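*Asks:* Provided herewith is a single structure, encoded as structure tokens, for subsequent inquiry.
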Amino acid sequence: MERETAKIDEFIARYGLHQGALIQVLQDIQGEFHYLPREALEYVSEKLGTPLAVAYNVATFYNVFSLQPKGQNHICVCMGTACHVRGAQSILDKFRRELKIEVGETTDDLKYSLDKVACVGACALGPIVVENVTYHAHMKLDKVGKLLKRGGRK
Ligand code: FES
């Protein structure tokens, strides 16, 4: 945890030692470790003077946070109405088959996690797949394999 706390101290220094920095610090921790380890939540709460329950509430309220380890590549398929009518379900199914995992799961090698989301607010560009922070617009079935290959899948 020593290496982790040094990194978390860096994040805290970025935003300041106050309770208002909680979400930003948690975002940086999620980005660095691909989830929010329990020890990290405890450490941040203590440092910022935020009750641990508040940190847990934030961590479980926002989709972007996860209390379980996520893959290096987080694939999120938009299943909102606009994306759904343009074939999002087939795209999600193709990711499930290719990765051999279900929605909410992570591959054993921790390379990929698969999730779905209600709407990411870019309906005109659907179907949308979000890969970490990159939006893939007008997603097609034959782009699924290419996207996975770019992320290191053979
Ligand atoms: S429904 Fe997919 S971006 Fe809105």
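Please note that chains go A, B, ... in the order of the structure tokens, that every chain numbers its residues from 1, and that ligands are numbered from 1 in the order shown.
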Excluding A:Val130 and residues on its chain fewer than 2 positions from it, collect all residues at most 6 Å away from it, counting only C-alpha atoms, and give them as JSON, numbers by chain.

*Replies:* {"A": [75, 76, 134, 135]}

*Asks:* Fewer than 2 positions away in the same chain doesn't count, so skip those; otherwise give me all residues within 7 Å of stretch 111-119 of chain A, counting only C-alpha atoms, as a list of chain:residue names.

*Replies:*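 Listing them by chain and then by number gives A:Lys70, A:Gly71, A:Gln72, A:Asn73, A:His74, A:Ile75, A:Cys76, A:Val77, A:Cys78, A:Met79, A:Gly80, A:Val103, A:Gly104, A:Glu105, A:Thr106, A:Thr107, A:Asp109, A:Gly121.
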
*Asks:* List the spatial neighbours of A:Ala21 as a list of chain:residue names - criterion: any atom at most 12 Å away, only C-alpha atoms, same-chain residues fewer than 2 positions off excluded.

*Replies:*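 That gives A:Phe11, A:Ile12, A:Ala13, A:Arg14, A:Tyr15, A:Gly16, A:Leu17, A:His18, A:Gln19, A:Ile23, A:Gln24, A:Val25, A:Leu26, A:Gln27, A:Asp28, A:Val44, A:Ser45, A:Lys47, A:Leu48, A:Gly49, A:Thr50, A:Ala55.
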
*Asks:* Selected residues, C-alpha atoms, written as a CSV table (one decimal), in the first residue's frame, please.

*Replies:*
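To be explicit, this is the file written out as result_16.csv:
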```
chain,number,residue,atom,x,y,z
A,11,PHE,CA,-3.7,13.2,-6.3
A,12,ILE,CA,-4.7,15.0,-3.1
A,13,ALA,CA,-1.9,17.5,-3.6
A,14,ARG,CA,-3.4,18.3,-7.0
A,15,TYR,CA,-6.8,19.3,-5.6
A,16,GLY,CA,-6.1,20.3,-2.0
A,17,LEU,CA,-6.7,18.9,1.4
A,18,HIS,CA,-10.4,19.5,1.8
A,19,GLN,CA,-13.6,17.5,1.6
A,23,ILE,CA,-14.8,13.2,-6.2
A,24,GLN,CA,-11.7,14.4,-8.1
A,25,VAL,CA,-9.3,12.4,-6.0
A,26,LEU,CA,-11.5,9.3,-6.4
A,27,GLN,CA,-11.6,9.8,-10.2
A,28,ASP,CA,-7.8,9.8,-10.2
A,44,VAL,CA,-8.7,9.4,1.4
A,45,SER,CA,-11.5,9.7,3.9
A,47,LYS,CA,-6.8,12.6,4.8
A,48,LEU,CA,-9.7,14.8,3.6
A,49,GLY,CA,-11.6,14.6,6.9
A,50,THR,CA,-14.6,13.0,5.1
A,55,ALA,CA,-16.8,8.2,0.4
```

*Asks:* Where in stretch 8-133 of chain A does DSSP assign alpha helix (DSSP H), given as a ChimeraX atom specification?

*Replies:* /A:8-15,22-33,38-48,52-61,81-85,88-99

*Asks:* Keeping only C-alpha atoms, take the residues you just selected and write them out as a PDB file, in the first residue's frame.

*Replies:*
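In the end it all went to out04.pdb:
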```
ATOM      1  CA  ILE A   8      -2.887   9.046  -3.634  1.00  0.00           C
ATOM      2  CA  ASP A   9      -0.946  11.801  -1.845  1.00  0.00           C
ATOM      3  CA  GLU A  10      -0.024  13.124  -5.301  1.00  0.00           C
ATOM      4  CA  PHE A  11      -3.689  13.221  -6.295  1.00  0.00           C
ATOM      5  CA  ILE A  12      -4.671  14.958  -3.060  1.00  0.00           C
ATOM      6  CA  ALA A  13      -1.926  17.538  -3.564  1.00  0.00           C
ATOM      7  CA  ARG A  14      -3.447  18.269  -6.984  1.00  0.00           C
ATOM      8  CA  TYR A  15      -6.841  19.252  -5.588  1.00  0.00           C
ATOM      9  CA  LEU A  22     -13.258  13.926  -2.773  1.00  0.00           C
ATOM     10  CA  ILE A  23     -14.764  13.162  -6.208  1.00  0.00           C
ATOM     11  CA  GLN A  24     -11.737  14.389  -8.147  1.00  0.00           C
ATOM     12  CA  VAL A  25      -9.350  12.377  -5.996  1.00  0.00           C
ATOM     13  CA  LEU A  26     -11.526   9.266  -6.382  1.00  0.00           C
ATOM     14  CA  GLN A  27     -11.597   9.785 -10.170  1.00  0.00           C
ATOM     15  CA  ASP A  28      -7.814   9.847 -10.250  1.00  0.00           C
ATOM     16  CA  ILE A  29      -7.591   6.718  -8.081  1.00  0.00           C
ATOM     17  CA  GLN A  30     -10.076   4.932 -10.353  1.00  0.00           C
ATOM     18  CA  GLY A  31      -8.023   5.997 -13.395  1.00  0.00           C
ATOM     19  CA  GLU A  32      -4.778   4.782 -11.850  1.00  0.00           C
ATOM     20  CA  PHE A  33      -5.866   1.483 -10.273  1.00  0.00           C
ATOM     21  CA  ARG A  38     -11.061  -0.319   0.245  1.00  0.00           C
ATOM     22  CA  GLU A  39      -7.760   0.830   1.780  1.00  0.00           C
ATOM     23  CA  ALA A  40      -7.672   3.755  -0.653  1.00  0.00           C
ATOM     24  CA  LEU A  41     -11.177   4.863   0.360  1.00  0.00           C
ATOM     25  CA  GLU A  42     -10.186   4.679   4.020  1.00  0.00           C
ATOM     26  CA  TYR A  43      -6.979   6.607   3.397  1.00  0.00           C
ATOM     27  CA  VAL A  44      -8.682   9.369   1.401  1.00  0.00           C
ATOM     28  CA  SER A  45     -11.498   9.726   3.944  1.00  0.00           C
ATOM     29  CA  GLU A  46      -9.032  10.151   6.756  1.00  0.00           C
ATOM     30  CA  LYS A  47      -6.841  12.609   4.835  1.00  0.00           C
ATOM     31  CA  LEU A  48      -9.727  14.783   3.628  1.00  0.00           C
ATOM     32  CA  LEU A  52     -15.968   6.905   5.282  1.00  0.00           C
ATOM     33  CA  ALA A  53     -19.711   6.419   4.695  1.00  0.00           C
ATOM     34  CA  VAL A  54     -19.743   9.511   2.459  1.00  0.00           C
ATOM     35  CA  ALA A  55     -16.817   8.193   0.417  1.00  0.00           C
ATOM     36  CA  TYR A  56     -18.633   4.846   0.005  1.00  0.00           C
ATOM     37  CA  ASN A  57     -21.831   6.631  -1.023  1.00  0.00           C
ATOM     38  CA  VAL A  58     -19.978   8.528  -3.742  1.00  0.00           C
ATOM     39  CA  ALA A  59     -18.108   5.397  -4.839  1.00  0.00           C
ATOM     40  CA  THR A  60     -21.317   3.419  -5.249  1.00  0.00           C
ATOM     41  CA  PHE A  61     -23.500   6.227  -6.669  1.00  0.00           C
ATOM     42  CA  THR A  81     -33.097   3.860 -26.714  1.00  0.00           C
ATOM     43  CA  ALA A  82     -31.330   5.588 -29.622  1.00  0.00           C
ATOM     44  CA  CYS A  83     -28.393   3.165 -29.512  1.00  0.00           C
ATOM     45  CA  HIS A  84     -30.643   0.191 -28.856  1.00  0.00           C
ATOM     46  CA  VAL A  85     -32.698   0.747 -32.025  1.00  0.00           C
ATOM     47  CA  ALA A  88     -26.530  -1.964 -29.569  1.00  0.00           C
ATOM     48  CA  GLN A  89     -27.746  -5.349 -28.287  1.00  0.00           C
ATOM     49  CA  SER A  90     -25.944  -7.238 -31.110  1.00  0.00           C
ATOM     50  CA  ILE A  91     -22.801  -5.248 -30.427  1.00  0.00           C
ATOM     51  CA  LEU A  92     -22.986  -6.018 -26.717  1.00  0.00           C
ATOM     52  CA  ASP A  93     -23.534  -9.714 -27.526  1.00  0.00           C
ATOM     53  CA  LYS A  94     -20.518  -9.708 -29.815  1.00  0.00           C
ATOM     54  CA  PHE A  95     -18.320  -8.276 -27.026  1.00  0.00           C
ATOM     55  CA  ARG A  96     -19.691 -10.945 -24.652  1.00  0.00           C
ATOM     56  CA  ARG A  97     -18.827 -13.711 -27.115  1.00  0.00           C
ATOM     57  CA  GLU A  98     -15.384 -12.352 -28.010  1.00  0.00           C
ATOM     58  CA  LEU A  99     -14.372 -11.712 -24.404  1.00  0.00           C
TER      59      LEU A  99
END
```

*Asks:* Residues within 7 Å of A:Ser66, please, as a list in words. Count only C-alpha atoms; anything in the same chain fewer than 2 positions from it doesn't count.

*Replies:*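 Residues near the query, excluding close chain neighbours: Tyr35, Leu36, Ala59, Val64 and Gln68 of chain A.
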
*Asks:* Quick one: pick out all strand (DSSP E) residues within chain A from a backbone DSSP run and write them as a list of chain:residue names.

*Replies:*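 Selecting the strand (DSSP E) positions of chain A gives A:Asn73, A:His74, A:Ile75, A:Cys76, A:Val77, A:Cys78, A:Tyr112, A:Ser113, A:Leu114, A:Asp115, A:Lys116, A:Val117, A:Val129, A:Val130, A:Glu131, A:Thr134, A:Tyr135, A:His136.
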
*Asks:* Using only N, CA, C and O atoms, please write the residues we just selected to a file, as a compact mmCIF listing (two decimals), in the first residue's frame.

*Replies:*
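Output below, filename again.txt:
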```txt
# COMPACT_ATOMS: atom_id res chain seq x y z
N ASN A 73 -8.82 -2.20 -19.93
CA ASN A 73 -9.69 -1.61 -20.94
C ASN A 73 -11.14 -1.82 -20.50
O ASN A 73 -11.60 -2.95 -20.42
N HIS A 74 -11.79 -0.72 -20.20
CA HIS A 74 -13.19 -0.80 -19.74
C HIS A 74 -14.10 -0.49 -20.93
O HIS A 74 -14.15 0.63 -21.41
N ILE A 75 -14.79 -1.53 -21.38
CA ILE A 75 -15.70 -1.38 -22.52
C ILE A 75 -17.11 -1.18 -21.99
O ILE A 75 -17.61 -1.99 -21.20
N CYS A 76 -17.73 -0.09 -22.41
CA CYS A 76 -19.08 0.21 -21.95
C CYS A 76 -19.98 0.44 -23.17
O CYS A 76 -19.73 1.37 -23.94
N VAL A 77 -20.97 -0.41 -23.33
CA VAL A 77 -21.85 -0.30 -24.50
C VAL A 77 -23.09 0.48 -24.08
O VAL A 77 -23.74 0.13 -23.09
N CYS A 78 -23.41 1.52 -24.84
CA CYS A 78 -24.60 2.31 -24.54
C CYS A 78 -25.84 1.53 -24.97
O CYS A 78 -25.93 1.08 -26.11
N TYR A 112 -9.77 -6.72 -19.86
CA TYR A 112 -11.04 -6.12 -20.27
C TYR A 112 -12.13 -6.28 -19.23
O TYR A 112 -12.25 -7.35 -18.62
N SER A 113 -12.94 -5.22 -19.11
CA SER A 113 -14.20 -5.31 -18.36
C SER A 113 -15.30 -4.90 -19.32
O SER A 113 -15.07 -4.08 -20.21
N LEU A 114 -16.47 -5.49 -19.13
CA LEU A 114 -17.60 -5.17 -20.01
C LEU A 114 -18.76 -4.67 -19.17
O LEU A 114 -19.13 -5.29 -18.17
N ASP A 115 -19.32 -3.52 -19.59
CA ASP A 115 -20.47 -2.97 -18.89
C ASP A 115 -21.41 -2.36 -19.91
O ASP A 115 -21.06 -2.18 -21.07
N LYS A 116 -22.62 -2.04 -19.44
CA LYS A 116 -23.54 -1.29 -20.29
C LYS A 116 -23.99 -0.07 -19.51
O LYS A 116 -23.90 -0.03 -18.29
N VAL A 117 -24.47 0.92 -20.26
CA VAL A 117 -24.88 2.17 -19.64
C VAL A 117 -26.18 2.62 -20.32
O VAL A 117 -26.45 2.22 -21.46
N VAL A 129 -19.95 3.04 -28.26
CA VAL A 129 -19.22 2.20 -27.31
C VAL A 129 -18.14 3.09 -26.69
O VAL A 129 -17.42 3.78 -27.42
N VAL A 130 -18.09 3.12 -25.37
CA VAL A 130 -17.06 3.91 -24.70
C VAL A 130 -15.98 2.95 -24.22
O VAL A 130 -16.26 1.99 -23.51
N GLU A 131 -14.77 3.21 -24.65
CA GLU A 131 -13.62 2.39 -24.25
C GLU A 131 -12.74 3.29 -23.39
O GLU A 131 -12.13 4.22 -23.91
N THR A 134 -12.53 6.94 -24.42
CA THR A 134 -12.70 7.16 -25.86
C THR A 134 -14.08 6.73 -26.33
O THR A 134 -14.51 5.61 -26.04
N TYR A 135 -14.77 7.62 -27.04
CA TYR A 135 -16.09 7.30 -27.58
C TYR A 135 -15.93 6.75 -28.99
O TYR A 135 -15.31 7.39 -29.83
N HIS A 136 -16.49 5.58 -29.24
CA HIS A 136 -16.50 5.02 -30.60
C HIS A 136 -17.91 5.19 -31.14
O HIS A 136 -18.86 4.55 -30.66
```

*Asks:* Figure out the distance between atom 1 (S, counted along the ligand's line) of ligand 1 and atom CA of A:Leu125, please, to one decimal in Å.

*Replies:*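 Computing the Euclidean distance for atom CA of A:Leu125 and atom 1 (S, counted along the ligand's line) of ligand 1 yields 8.9 Å.
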
*Asks:* Between atom 2 (Fe, counted along the ligand's line) of ligand 1 and atom CA of A:Leu147, measure the distance and give it in Å to one decimal.

*Replies:*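 Pair atom 2 (Fe, counted along the ligand's line) of ligand 1 / atom CA of A:Leu147 returns 18.2 Å.
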
*Asks:* Between A:His138, A:Ile128, A:Gly151, A:Lys143, which residue has the minimum interatomic distance to ligand 1, considering only C-alpha atoms and all ligand atoms?

*Replies:*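 Among the listed residues, the smallest separation from ligand 1 belongs to A:Ile128.
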